[in-house]
$ cat my_file19.csv   # CSV, C-alpha atoms
chain,number,residue,atom,x,y,z
A,1,MET,CA,15.4,-19.7,3.3
A,2,LYS,CA,12.1,-18.5,1.9
A,3,ILE,CA,10.7,-15.1,2.6
A,4,PHE,CA,6.9,-14.4,2.6
A,5,LEU,CA,5.8,-10.8,2.4
A,6,PHE,CA,2.1,-10.5,3.4
A,7,ILE,CA,0.3,-7.3,2.8
A,8,LEU,CA,-2.9,-6.9,4.8
A,9,ASP,CA,-4.3,-4.3,2.4
A,10,GLY,CA,-5.9,-1.4,4.3
A,11,CYS,CA,-5.1,-2.8,7.8
A,12,ALA,CA,-5.7,-0.2,10.5
A,13,VAL,CA,-3.5,-0.4,13.6
A,14,THR,CA,-6.4,0.2,16.1
A,15,GLN,CA,-8.5,-2.7,14.6
A,16,PHE,CA,-5.4,-4.8,14.2
A,17,GLU,CA,-4.9,-4.6,18.0
A,18,GLU,CA,-8.6,-5.2,18.7
A,19,ALA,CA,-9.0,-8.3,16.5
A,20,HIS,CA,-8.5,-11.8,17.9
A,21,THR,CA,-5.5,-12.9,16.0
A,22,PRO,CA,-3.6,-15.6,18.0
A,23,PHE,CA,-1.2,-16.6,15.3
A,24,LEU,CA,-0.1,-13.0,14.5
A,25,ASP,CA,0.1,-12.4,18.2
A,26,LYS,CA,2.4,-15.4,18.6
A,27,ILE,CA,4.8,-14.6,15.7
A,28,ALA,CA,4.9,-11.0,17.0
A,29,GLU,CA,5.9,-12.2,20.4
A,30,ASP,CA,8.5,-14.6,19.0
A,31,GLY,CA,9.7,-12.1,16.4
A,32,MET,CA,9.5,-8.3,16.3
A,33,ILE,CA,6.6,-5.9,15.9
A,34,SER,CA,6.0,-2.2,15.3
A,35,LEU,CA,2.7,-0.6,15.5
A,36,GLU,CA,4.2,2.7,14.2
A,37,CYS,CA,5.4,1.8,10.7
A,38,ASN,CA,5.0,4.8,8.5
A,39,ALA,CA,3.0,4.4,5.3
A,40,ILE,CA,3.6,6.6,2.2
A,41,PHE,CA,1.5,9.6,1.2
A,42,PRO,CA,-0.9,9.5,-0.5
A,43,THR,CA,-2.1,6.4,1.2
A,44,ALA,CA,-3.4,4.8,-2.0
A,45,THR,CA,-2.9,1.2,-3.1
A,46,TYR,CA,-0.6,1.8,-6.0
A,47,THR,CA,1.5,4.3,-4.2
A,48,GLY,CA,1.9,2.1,-1.1
A,49,HIS,CA,2.7,-1.2,-2.9
A,50,SER,CA,5.1,0.6,-5.3
A,51,SER,CA,7.0,2.1,-2.4
A,52,ILE,CA,7.2,-1.3,-0.7
A,53,ILE,CA,8.6,-3.1,-3.8
A,54,THR,CA,11.0,-0.3,-4.9
A,55,GLY,CA,12.2,1.2,-1.6
A,56,ASN,CA,11.5,4.6,-3.1
A,57,TYR,CA,9.0,7.5,-2.8
A,58,PRO,CA,6.5,8.3,-5.6
A,59,GLU,CA,8.8,11.1,-6.8
A,60,LYS,CA,11.1,8.3,-8.0
A,61,HIS,CA,8.7,5.5,-8.9
A,62,GLY,CA,6.0,7.7,-10.4
A,63,MET,CA,3.0,6.0,-8.9
A,64,ILE,CA,1.5,9.2,-7.4
A,65,GLY,CA,-1.9,7.6,-6.6
A,66,ASN,CA,-4.3,5.2,-8.1
A,67,GLN,CA,-4.7,7.5,-11.1
A,68,PHE,CA,-3.6,10.8,-12.6
A,69,TRP,CA,-4.4,13.3,-15.3
A,70,ASP,CA,-2.3,12.8,-18.4
A,71,ARG,CA,-1.7,16.4,-19.4
A,72,GLN,CA,-0.2,15.6,-22.8
A,73,ASN,CA,-3.2,13.4,-24.0
A,74,GLU,CA,-5.8,15.2,-21.8
A,75,CYS,CA,-7.2,12.0,-20.3
A,76,ILE,CA,-7.4,10.2,-17.0
A,77,ARG,CA,-4.9,7.3,-16.5
A,78,ASN,CA,-6.2,4.8,-14.0
A,79,PHE,CA,-3.6,2.2,-13.1
A,80,ASP,CA,-6.3,-0.4,-12.8
A,81,ASP,CA,-6.6,-0.1,-16.6
A,82,PHE,CA,-3.4,1.6,-17.6
A,83,ASP,CA,-0.5,-0.9,-17.2
A,84,SER,CA,1.2,-0.2,-13.9
A,85,ASN,CA,4.1,-2.5,-14.8
A,86,GLU,CA,5.0,-0.3,-17.8
A,87,ASN,CA,4.7,2.9,-15.8
A,88,ILE,CA,6.5,2.2,-12.6
A,89,GLU,CA,9.9,4.0,-12.9
A,90,SER,CA,12.1,2.3,-10.3
A,91,PRO,CA,13.4,-1.3,-10.3
A,92,THR,CA,11.2,-3.7,-8.3
A,93,ILE,CA,12.2,-6.3,-5.8
A,94,PHE,CA,11.1,-8.9,-8.3
A,95,GLU,CA,13.7,-7.6,-10.7
A,96,LEU,CA,16.4,-7.3,-8.1
A,97,LEU,CA,16.2,-10.8,-6.7
A,98,PRO,CA,18.2,-13.2,-8.8
A,99,PHE,CA,15.9,-16.2,-8.4
A,100,SER,CA,12.3,-17.2,-8.9
A,101,THR,CA,9.7,-15.1,-7.2
A,102,CYS,CA,5.9,-15.2,-6.9
A,103,ALA,CA,3.4,-12.3,-6.7
A,104,ILE,CA,-0.2,-13.0,-5.8
A,105,CYS,CA,-2.9,-10.3,-6.1
A,106,GLU,CA,-0.3,-7.6,-6.3
A,107,PRO,CA,-1.1,-4.4,-8.2
A,108,VAL,CA,2.5,-4.1,-9.5
A,109,THR,CA,4.3,-7.3,-10.5
A,110,ARG,CA,7.1,-6.4,-13.0
A,111,GLY,CA,9.8,-9.0,-12.8
A,112,ALA,CA,8.0,-11.7,-10.9
A,113,SER,CA,8.4,-15.2,-12.2
A,114,LEU,CA,4.9,-16.5,-11.2
A,115,ILE,CA,2.0,-14.1,-11.2
A,116,ILE,CA,-1.6,-14.5,-10.0
A,117,LYS,CA,-3.1,-11.4,-11.4
A,118,LYS,CA,-5.1,-9.0,-9.2
A,119,LYS,CA,-7.8,-8.9,-11.8
A,120,ILE,CA,-8.5,-12.6,-11.2
A,121,ILE,CA,-9.2,-11.9,-7.5
A,122,ASP,CA,-11.1,-8.6,-8.3
A,123,ALA,CA,-13.7,-10.7,-10.2
A,124,LEU,CA,-14.5,-12.9,-7.2
A,125,PRO,CA,-17.1,-12.1,-4.5
A,126,LEU,CA,-15.5,-10.2,-1.7
A,127,LYS,CA,-16.2,-12.8,1.0
A,128,ILE,CA,-14.1,-15.4,-0.7
A,129,GLN,CA,-11.2,-13.3,-2.0
A,130,ASN,CA,-8.8,-13.9,0.9
A,131,ARG,CA,-9.5,-17.6,1.0
A,132,THR,CA,-8.9,-17.8,-2.7
A,133,ILE,CA,-5.6,-15.9,-2.4
A,134,CYS,CA,-4.5,-18.3,0.3
A,135,LYS,CA,-5.3,-21.3,-2.0
A,136,TYR,CA,-3.4,-19.8,-4.9
A,137,LEU,CA,-0.4,-19.4,-2.6
A,138,LYS,CA,-0.6,-23.0,-1.4
A,139,ASP,CA,-1.0,-24.2,-5.0
A,140,SER,CA,2.0,-22.1,-6.1
A,141,TYR,CA,4.3,-23.2,-3.3
A,142,ALA,CA,7.4,-24.7,-4.9
A,143,PRO,CA,11.1,-25.5,-3.9
A,144,GLU,CA,12.5,-23.1,-6.5
A,145,ILE,CA,10.6,-20.0,-5.4
A,146,ASP,CA,12.3,-18.3,-2.5
A,147,PHE,CA,10.3,-15.0,-2.3
A,148,TYR,CA,6.5,-14.7,-2.2
A,149,MET,CA,4.6,-11.4,-2.0
A,150,VAL,CA,0.9,-11.9,-1.2
A,151,ASN,CA,-1.7,-9.1,-1.1
A,152,PHE,CA,-4.8,-10.0,1.0
A,153,GLN,CA,-6.9,-7.3,-0.6
A,154,GLY,CA,-10.1,-8.5,1.0
A,155,VAL,CA,-9.2,-6.7,4.2
A,156,ASP,CA,-9.3,-3.4,2.3
A,157,GLY,CA,-12.5,-4.4,0.5
A,158,VAL,CA,-14.4,-5.2,3.7
A,159,GLY,CA,-13.0,-2.0,5.3
A,160,GLU,CA,-14.3,0.1,2.5
A,161,SER,CA,-17.7,-1.6,2.2
A,162,GLU,CA,-18.5,-2.1,5.9
A,163,GLY,CA,-16.2,0.4,7.6
A,164,PRO,CA,-13.0,-0.1,9.7
A,165,THR,CA,-15.0,-0.1,13.0
A,166,SER,CA,-17.4,-2.8,11.9
A,167,GLU,CA,-17.6,-6.3,13.2
A,168,GLU,CA,-17.1,-7.6,9.6
A,169,TYR,CA,-13.8,-5.9,9.4
A,170,LEU,CA,-12.5,-7.5,12.6
A,171,LYS,CA,-13.8,-10.9,11.4
A,172,CYS,CA,-11.9,-10.4,8.1
A,173,LEU,CA,-8.6,-9.8,10.0
A,174,GLU,CA,-9.3,-12.9,12.1
A,175,GLU,CA,-9.9,-14.9,9.0
A,176,VAL,CA,-6.6,-13.8,7.6
A,177,ASP,CA,-4.9,-14.8,10.8
A,178,LYS,CA,-6.2,-18.4,10.4
A,179,LEU,CA,-5.1,-18.4,6.8
A,180,LEU,CA,-1.6,-17.3,7.6
A,181,TYR,CA,-1.4,-20.1,10.2
A,182,SER,CA,-2.5,-22.6,7.6
A,183,ILE,CA,0.2,-21.3,5.3
A,184,LYS,CA,2.9,-21.7,8.0
A,185,ASN,CA,1.9,-25.3,8.5
A,186,GLN,CA,2.6,-26.1,4.8
A,187,ILE,CA,6.2,-24.8,4.9
A,188,HIS,CA,8.9,-27.3,5.5
A,189,SER,CA,12.0,-25.2,5.3
A,190,ASP,CA,13.5,-22.1,7.0
A,191,PHE,CA,11.3,-19.1,6.4
A,192,VAL,CA,10.7,-15.5,7.3
A,193,PHE,CA,7.3,-14.0,7.5
A,194,ILE,CA,6.9,-10.2,7.1
A,195,VAL,CA,3.4,-9.0,7.7
A,196,THR,CA,2.4,-5.4,7.1
A,197,ALA,CA,-0.1,-3.1,5.3
A,198,ASP,CA,0.1,-0.7,2.4
A,199,HIS,CA,-2.0,1.9,4.3
A,200,GLY,CA,-4.5,2.2,7.1
A,201,MET,CA,-8.2,3.0,7.0
A,202,THR,CA,-10.5,5.6,8.4
A,203,THR,CA,-14.3,6.1,8.5
A,204,VAL,CA,-16.2,7.9,5.7
A,205,GLU,CA,-19.6,9.5,6.0
A,206,LYS,CA,-19.9,11.9,3.0
A,207,ASN,CA,-18.7,12.1,-0.6
A,208,ILE,CA,-17.5,15.4,-2.1
A,209,ASP,CA,-17.4,16.2,-5.8
A,210,LEU,CA,-14.4,18.5,-5.5
A,211,GLU,CA,-14.1,19.3,-9.2
A,212,ARG,CA,-17.7,20.4,-9.4
A,213,GLU,CA,-17.2,22.5,-6.3
A,214,LEU,CA,-14.2,24.3,-7.8
A,215,LYS,CA,-15.7,24.8,-11.2
A,216,ARG,CA,-18.9,26.2,-9.7
A,217,ASN,CA,-16.7,28.9,-8.2
A,218,GLY,CA,-15.1,29.8,-11.5
A,219,PHE,CA,-11.9,27.7,-11.3
A,220,GLN,CA,-10.8,25.7,-14.4
A,221,VAL,CA,-9.4,22.5,-12.9
A,222,LYS,CA,-9.2,18.7,-13.2
A,223,CYS,CA,-9.5,16.9,-9.9
A,224,ILE,CA,-8.2,13.3,-10.0
A,225,ALA,CA,-9.0,11.5,-6.8
A,226,SER,CA,-7.4,8.5,-5.1
A,227,HIS,CA,-10.1,8.1,-2.5
A,228,ARG,CA,-9.5,10.8,0.2
A,229,CYS,CA,-6.6,12.5,-1.7
A,230,SER,CA,-7.0,14.5,-4.9
A,231,HIS,CA,-4.5,15.9,-7.4
A,232,ILE,CA,-5.6,19.2,-8.8
A,233,TYR,CA,-4.4,20.2,-12.2
A,234,SER,CA,-4.8,23.8,-13.5
A,235,ASN,CA,-3.1,26.1,-15.9
A,236,SER,CA,-3.8,29.3,-13.9
A,237,ASN,CA,-4.9,30.8,-10.6
A,238,ILE,CA,-3.0,28.3,-8.5
A,239,GLU,CA,-2.6,30.6,-5.5
A,240,GLU,CA,-6.3,31.5,-5.7
A,241,ILE,CA,-7.3,27.9,-5.8
A,242,GLU,CA,-5.1,27.1,-2.9
A,243,ASN,CA,-6.6,29.9,-0.8
A,244,TYR,CA,-10.1,28.8,-1.6
A,245,LEU,CA,-9.4,25.2,-0.8
A,246,LYS,CA,-8.1,26.2,2.6
A,247,SER,CA,-11.4,27.8,3.3
A,248,LEU,CA,-13.4,24.6,2.7
A,249,PRO,CA,-14.6,22.8,5.9
A,250,TYR,CA,-13.8,19.3,4.6
A,251,ILE,CA,-10.2,19.9,3.5
A,252,ASP,CA,-7.6,18.6,5.9
A,253,LYS,CA,-4.4,19.7,4.1
A,254,VAL,CA,-3.5,21.6,0.9
A,255,PHE,CA,-0.1,20.8,-0.6
A,256,ASN,CA,1.4,23.5,-2.9
A,257,SER,CA,4.5,23.0,-5.0
A,258,ALA,CA,6.9,23.3,-2.1
A,259,ASP,CA,4.8,21.0,0.1
A,260,ILE,CA,4.5,18.5,-2.8
A,261,GLU,CA,8.3,18.4,-3.0
A,262,GLU,CA,8.7,18.0,0.7
A,263,ALA,CA,6.2,15.1,0.7
A,264,HIS,CA,8.4,13.3,-2.0
A,265,LEU,CA,5.5,13.6,-4.5
A,266,ASN,CA,7.2,15.9,-7.0
A,267,HIS,CA,6.7,14.1,-10.3
A,268,GLU,CA,5.4,15.2,-13.7
A,269,ARG,CA,2.3,13.1,-13.1
A,270,ALA,CA,1.5,15.0,-9.9
A,271,GLY,CA,-1.1,17.8,-9.7
A,272,ASP,CA,-0.3,21.5,-9.3
A,273,LEU,CA,-1.9,21.2,-5.9
A,274,VAL,CA,-2.7,18.1,-3.8
A,275,VAL,CA,-5.4,18.0,-1.1
A,276,CYS,CA,-6.5,15.5,1.4
A,277,ALA,CA,-9.9,15.3,3.1
A,278,LYS,CA,-10.7,15.6,6.8
A,279,LYS,CA,-11.8,12.4,8.5
A,280,GLY,CA,-15.3,11.4,7.4
A,281,PHE,CA,-15.0,12.8,3.8
A,282,GLU,CA,-14.3,11.0,0.6
A,283,PHE,CA,-13.4,12.5,-2.9
A,284,GLY,CA,-14.0,9.3,-4.8
A,285,GLU,CA,-17.3,8.6,-6.5
A,286,LYS,CA,-18.1,5.3,-4.7
A,287,LYS,CA,-20.2,5.5,-1.6
A,288,LEU,CA,-17.8,3.9,1.0
A,289,ASN,CA,-18.0,3.4,4.7
A,290,GLY,CA,-14.2,3.3,5.1
A,291,SER,CA,-11.4,4.8,3.0
A,292,HIS,CA,-7.8,6.0,2.8
A,293,GLY,CA,-5.6,8.2,0.7
A,294,GLY,CA,-5.4,11.0,3.2
A,295,ALA,CA,-2.8,11.9,5.8
A,296,THR,CA,-4.5,11.1,9.1
A,297,LYS,CA,-2.7,8.9,11.6
A,298,ASP,CA,-5.3,6.1,11.0
A,299,GLU,CA,-4.2,6.0,7.4
A,300,MET,CA,-0.5,6.9,7.7
A,301,VAL,CA,0.5,4.3,10.4
A,302,VAL,CA,0.4,0.6,9.9
A,303,PRO,CA,1.5,-2.6,11.7
A,304,PHE,CA,4.7,-4.4,10.8
A,305,ILE,CA,5.7,-7.9,12.0
A,306,VAL,CA,8.9,-9.8,11.1
A,307,TYR,CA,9.2,-13.5,12.2
A,308,ASP,CA,12.1,-15.8,11.5
A,309,SER,CA,11.4,-19.6,11.9
A,310,LYS,CA,15.0,-20.2,13.0
A,311,ASN,CA,15.5,-17.0,15.0
A,312,LYS,CA,18.7,-16.2,13.1
A,313,ILE,CA,18.0,-12.6,12.1
A,314,ILE,CA,15.9,-11.1,14.7
A,315,GLU,CA,18.8,-9.9,16.9
A,316,HIS,CA,20.1,-7.9,13.9
A,317,ILE,CA,16.9,-6.0,13.2
A,318,SER,CA,15.9,-2.6,14.4
A,319,LEU,CA,12.3,-1.3,13.8
A,320,ASN,CA,12.9,2.2,15.1
A,321,SER,CA,11.4,5.0,12.9
A,322,MET,CA,10.7,2.5,10.1
A,323,SER,CA,8.6,3.0,7.0
A,324,LEU,CA,7.4,0.9,4.1
A,325,LEU,CA,10.3,2.2,2.1
A,326,ASP,CA,12.6,0.1,4.3
A,327,ILE,CA,11.1,-3.3,3.3
A,328,CYS,CA,12.8,-3.7,-0.1
A,329,PRO,CA,16.4,-3.0,1.0
A,330,THR,CA,15.9,-5.1,4.1
A,331,ILE,CA,14.8,-8.2,2.1
A,332,LEU,CA,17.8,-7.8,-0.2
A,333,ASP,CA,20.0,-7.8,2.9
A,334,PHE,CA,18.2,-10.9,4.3
A,335,PHE,CA,19.2,-12.7,1.2
A,336,ASP,CA,22.7,-11.1,1.3
A,337,ILE,CA,22.2,-9.5,-2.2
A,338,LYS,CA,24.0,-6.4,-3.1
A,339,SER,CA,22.3,-3.8,-5.3
A,340,ASN,CA,23.5,-0.6,-7.0
A,341,VAL,CA,20.0,0.9,-6.6
A,342,ASP,CA,20.0,4.2,-4.7
A,343,PHE,CA,17.1,3.4,-2.3
A,344,GLN,CA,15.4,6.2,-0.4
A,345,GLY,CA,14.5,3.6,2.3
A,346,ARG,CA,17.1,1.9,4.5
A,347,SER,CA,17.8,-1.6,5.5
A,348,LEU,CA,16.5,-2.6,9.0
A,349,TYR,CA,19.0,-5.4,9.1
A,350,SER,CA,22.6,-5.2,10.2
A,351,ASN,CA,24.5,-8.4,10.4
A,352,TYR,CA,27.6,-7.0,12.0

$ encode --input "my_file19.csv" --output "C-alpha cells"
Amino acid sequence: MKIFLFILDGCAVTQFEEAHTPFLDKIAEDGMISLECNAIFPTATYTGHSSIITGNYPEKHGMIGNQFWDRQNECIRNFDDFDSNENIESPTIFELLPFSTCAICEPVTRGASLIIKKKIIDALPLKIQNRTICKYLKDSYAPEIDFYMVNFQGVDGVGESEGPTSEEYLKCLEEVDKLLYSIKNQIHSDFVFIVTADHGMTTVEKNIDLERELKRNGFQVKCIASHRCSHIYSNSNIEEIENYLKSLPYIDKVFNSADIEEAHLNHERAGDLVVCAKKGFEFGEKKLNGSHGGATKDEMVVPFIVYDSKNKIIEHISLNSMSLLDICPTILDFFDIKSNVDFQGRSLYSNY
C-alpha cells in the first residue's frame, strides 16, 4: 500500500466547496470527508506543516510561525532562510516511517529519502508551480517509495496574490483537481489519498506596520509577523502593551502568557504577547489580497478527505473533532507502525 498526503496549501473551505472539482468530489463520496478539520494556530505555513508531520503543537515542535526574534543573537530568524530541518524539535513522519519516503515542495523535510526542495518551486512562475509539482511527483514515482507528501503551494500563492474570492483562486483549485486525477491514473497498486490543507485563507485590504505603531506610542518592542499573526517581544511594560493593543481597531485577539500557553504556543521562541489581526488586515510587509496566520474560522478550519482504493480502512476511521495533529499518528496506524513518540494528536484509525 502507498499513501499520498496532498496539502492544498491555503485551501479555504468555502471556496473548496464552490470550486468545480469532480475528482475530489468523487473520492470524498467514495471515502470520507470533513469540512471542519481544525488547523493549528498561528495559521502559518511552517506551523501547519510542522504539526502535520509531527502530530504535535508548536509548543513541542518549536515552529511558532514562519519566523521569530532570536533574543540571544538579536536578529530575525526566518525559516525560509534559517534551516527548518535543523530547528524542528519533534520527530517527523519521514523519520518515523521505516521505509523510503518522498517530500515534494514541503517546507520541512527532515528524514525524507527523496526531496524536491521547496526553493526549486519558489523560483518558478506562480502559474506553473502546481503543474511542475505534479510532474516531479510522477517522475519520482517508484516501487520502493510507500509514502509521498506533496505540497501544492500554488493554491496559497494564487490566494495571496488574487484573493480567496477571486475566479483565479477557484480555477487554481480546479487545476489541482485535474492534476490529482492524473496522478491517480498512474498508480498501479493499492493506495490511500489524504487531501487536506495547512491553513485556510481570508481576504486582506490593508497592511499595518504594528512595530512602528507601538514604537510611536513609546513602547520598545520587536514585532515579528507571520502574515496576520505577530509575535511581540519586549523586556518591559507587557501589561501596558497588552492593554494598548486591545484598544486598536484592527486587532482581533491578544494572547498574553496564559493565553499563549492555552494555545499550545508556549515556547522559548514565542513572543511575550501574540496578536492576530481582524479580517481585512495584514501585518506582513507584502501587499496581499488574501492571507492567513490569524484565528478566524476562514483560516482555522480546512477540508480533509481520505480515500482508500480498496476500501479496506474507511470503516475504521472517525473524523469527529479532528485536527491536523491527527494526521501523523493516523498514517503510522495505517502502516501498522508502532511508535514511542508521545503525540498530542490522536489516531483517527481503529482497526478493532

$ residues_around --input "my_file19.csv" --residues "A:Phe82" --least-positions-apart "5" --cutoff "9 Å" --atoms "only C-alpha atoms" --output "PyMOL selection string"
chain A and resi 67+77+87

$ closest_residue --input "my_file19.csv" --among "A:Gln220, A:Ser84, A:Ser140, A:Thr202" --to "A:Gly280" --atoms "all atoms listed in the file"
A:Thr202

$ closest_atom_pairs --input "my_file19.csv" --of "stretch 242-334 of chain A" --to "stretch 34-56 of chain A" --cutoff "9 Å" --atoms "all atoms listed in the file" --output "CSV"
residue,atom,partner,partner_atom,distance
A:Ala263,CA,A:Phe41,CA,7.3
A:His264,CA,A:Phe41,CA,8.5
A:Leu265,CA,A:Phe41,CA,8.0
A:Cys276,CA,A:Pro42,CA,8.4
A:His292,CA,A:Thr43,CA,5.9
A:Gly293,CA,A:Thr43,CA,4.0
A:Gly294,CA,A:Thr43,CA,6.0
A:Ala295,CA,A:Phe41,CA,6.7
A:Glu299,CA,A:Thr43,CA,6.6
A:Met300,CA,A:Ala39,CA,4.9
A:Val301,CA,A:Asn38,CA,4.9
A:Val302,CA,A:Cys37,CA,5.2
A:Pro303,CA,A:Leu35,CA,4.5
A:Phe304,CA,A:Ser34,CA,5.2
A:Ile305,CA,A:Ser34,CA,6.6
A:Leu319,CA,A:Ser34,CA,6.5
A:Asn320,CA,A:Ser34,CA,8.2
A:Ser321,CA,A:Cys37,CA,7.1
A:Met322,CA,A:Cys37,CA,5.4
A:Ser323,CA,A:Asn38,CA,4.3
A:Leu324,CA,A:Ile52,CA,5.3
A:Leu325,CA,A:Gly55,CA,4.3
A:Asp326,CA,A:Gly55,CA,6.0
A:Ile327,CA,A:Ile52,CA,5.9
A:Cys328,CA,A:Gly55,CA,5.2
A:Pro329,CA,A:Gly55,CA,6.5

$ residues_around --input "my_file19.csv" --residues "A:Leu173" --least-positions-apart "6" --cutoff "8 Å" --atoms "all atoms listed in the file" --output "compact mmCIF listing (two decimals) with C-alpha atoms, in the coordinates of the input"
# COMPACT_ATOMS: atom_id res chain seq x y z
CA PHE A 16 -5.40 -4.80 14.20
CA ALA A 19 -9.00 -8.30 16.50
CA THR A 21 -5.50 -12.90 16.00
CA VAL A 155 -9.20 -6.70 4.20

$ residues_around --input "my_file19.csv" --residues "A:Tyr148" --least-positions-apart "2" --cutoff "9 Å" --atoms "only C-alpha atoms" --output "PyMOL selection string"
chain A and resi 2-6+101-104+137+141+145-146+150

$ closest_residue --input "my_file19.csv" --among "A:Ser347, A:Cys11, A:Lys60, A:Pro164" --to "A:Phe334" --atoms "all atoms listed in the file"
A:Ser347

$ atom_distance --input "my_file19.csv" --atom1 "atom CA of A:Pro125" --atom2 "atom CA of A:Asn151"
16.1 Å

$ decode --input "my_file19.csv" --residues "stretch 69-85 of chain A" --atoms "N, CA, C and O atoms" --output "PDB file, in the first residue's frame"
ATOM      1  N   TRP A  69      11.912  36.147  16.582  1.00  0.00           N
ATOM      2  CA  TRP A  69      13.009  37.001  17.035  1.00  0.00           C
ATOM      3  C   TRP A  69      13.943  36.183  17.911  1.00  0.00           C
ATOM      4  O   TRP A  69      13.537  35.638  18.935  1.00  0.00           O
ATOM      5  N   ASP A  70      15.177  36.050  17.474  1.00  0.00           N
ATOM      6  CA  ASP A  70      16.203  35.336  18.234  1.00  0.00           C
ATOM      7  C   ASP A  70      16.717  36.278  19.313  1.00  0.00           C
ATOM      8  O   ASP A  70      17.523  37.180  19.042  1.00  0.00           O
ATOM      9  N   ARG A  71      16.230  36.090  20.525  1.00  0.00           N
ATOM     10  CA  ARG A  71      16.587  37.003  21.613  1.00  0.00           C
ATOM     11  C   ARG A  71      18.082  36.993  21.901  1.00  0.00           C
ATOM     12  O   ARG A  71      18.676  38.043  22.177  1.00  0.00           O
ATOM     13  N   GLN A  72      18.685  35.821  21.849  1.00  0.00           N
ATOM     14  CA  GLN A  72      20.091  35.706  22.206  1.00  0.00           C
ATOM     15  C   GLN A  72      20.992  36.445  21.217  1.00  0.00           C
ATOM     16  O   GLN A  72      21.926  37.146  21.612  1.00  0.00           O
ATOM     17  N   ASN A  73      20.710  36.300  19.937  1.00  0.00           N
ATOM     18  CA  ASN A  73      21.547  36.923  18.908  1.00  0.00           C
ATOM     19  C   ASN A  73      20.969  38.212  18.359  1.00  0.00           C
ATOM     20  O   ASN A  73      21.574  38.841  17.484  1.00  0.00           O
ATOM     21  N   GLU A  74      19.795  38.593  18.865  1.00  0.00           N
ATOM     22  CA  GLU A  74      19.125  39.839  18.486  1.00  0.00           C
ATOM     23  C   GLU A  74      19.006  39.979  16.962  1.00  0.00           C
ATOM     24  O   GLU A  74      19.480  40.933  16.350  1.00  0.00           O
ATOM     25  N   CYS A  75      18.340  38.990  16.383  1.00  0.00           N
ATOM     26  CA  CYS A  75      18.112  39.025  14.941  1.00  0.00           C
ATOM     27  C   CYS A  75      16.856  38.228  14.610  1.00  0.00           C
ATOM     28  O   CYS A  75      16.393  37.415  15.410  1.00  0.00           O
ATOM     29  N   ILE A  76      16.318  38.487  13.433  1.00  0.00           N
ATOM     30  CA  ILE A  76      15.156  37.743  12.950  1.00  0.00           C
ATOM     31  C   ILE A  76      15.624  36.428  12.340  1.00  0.00           C
ATOM     32  O   ILE A  76      16.585  36.388  11.568  1.00  0.00           O
ATOM     33  N   ARG A  77      14.921  35.341  12.685  1.00  0.00           N
ATOM     34  CA  ARG A  77      15.181  34.047  12.082  1.00  0.00           C
ATOM     35  C   ARG A  77      13.970  33.674  11.240  1.00  0.00           C
ATOM     36  O   ARG A  77      12.919  33.342  11.772  1.00  0.00           O
ATOM     37  N   ASN A  78      14.132  33.764   9.937  1.00  0.00           N
ATOM     38  CA  ASN A  78      13.060  33.401   9.015  1.00  0.00           C
ATOM     39  C   ASN A  78      13.330  31.991   8.513  1.00  0.00           C
ATOM     40  O   ASN A  78      14.415  31.706   7.995  1.00  0.00           O
ATOM     41  N   PHE A  79      12.360  31.096   8.655  1.00  0.00           N
ATOM     42  CA  PHE A  79      12.586  29.702   8.306  1.00  0.00           C
ATOM     43  C   PHE A  79      12.760  29.476   6.805  1.00  0.00           C
ATOM     44  O   PHE A  79      13.188  28.398   6.390  1.00  0.00           O
ATOM     45  N   ASP A  80      12.454  30.477   5.995  1.00  0.00           N
ATOM     46  CA  ASP A  80      12.772  30.362   4.574  1.00  0.00           C
ATOM     47  C   ASP A  80      14.285  30.380   4.356  1.00  0.00           C
ATOM     48  O   ASP A  80      14.790  29.840   3.376  1.00  0.00           O
ATOM     49  N   ASP A  81      14.997  31.028   5.270  1.00  0.00           N
ATOM     50  CA  ASP A  81      16.450  31.163   5.142  1.00  0.00           C
ATOM     51  C   ASP A  81      17.206  30.436   6.250  1.00  0.00           C
ATOM     52  O   ASP A  81      18.389  30.130   6.110  1.00  0.00           O
ATOM     53  N   PHE A  82      16.541  30.192   7.357  1.00  0.00           N
ATOM     54  CA  PHE A  82      17.141  29.591   8.553  1.00  0.00           C
ATOM     55  C   PHE A  82      16.651  28.152   8.602  1.00  0.00           C
ATOM     56  O   PHE A  82      15.462  27.911   8.717  1.00  0.00           O
ATOM     57  N   ASP A  83      17.567  27.170   8.483  1.00  0.00           N
ATOM     58  CA  ASP A  83      17.210  25.785   8.192  1.00  0.00           C
ATOM     59  C   ASP A  83      16.140  25.214   9.117  1.00  0.00           C
ATOM     60  O   ASP A  83      16.383  24.948  10.295  1.00  0.00           O
ATOM     61  N   SER A  84      14.949  25.019   8.565  1.00  0.00           N
ATOM     62  CA  SER A  84      13.839  24.484   9.356  1.00  0.00           C
ATOM     63  C   SER A  84      14.113  23.060   9.803  1.00  0.00           C
ATOM     64  O   SER A  84      13.691  22.647  10.891  1.00  0.00           O
ATOM     65  N   ASN A  85      14.832  22.290   8.996  1.00  0.00           N
ATOM     66  CA  ASN A  85      15.108  20.899   9.353  1.00  0.00           C
ATOM     67  C   ASN A  85      15.999  20.781  10.585  1.00  0.00           C
ATOM     68  O   ASN A  85      15.923  19.801  11.329  1.00  0.00           O
TER      69      ASN A  85
END
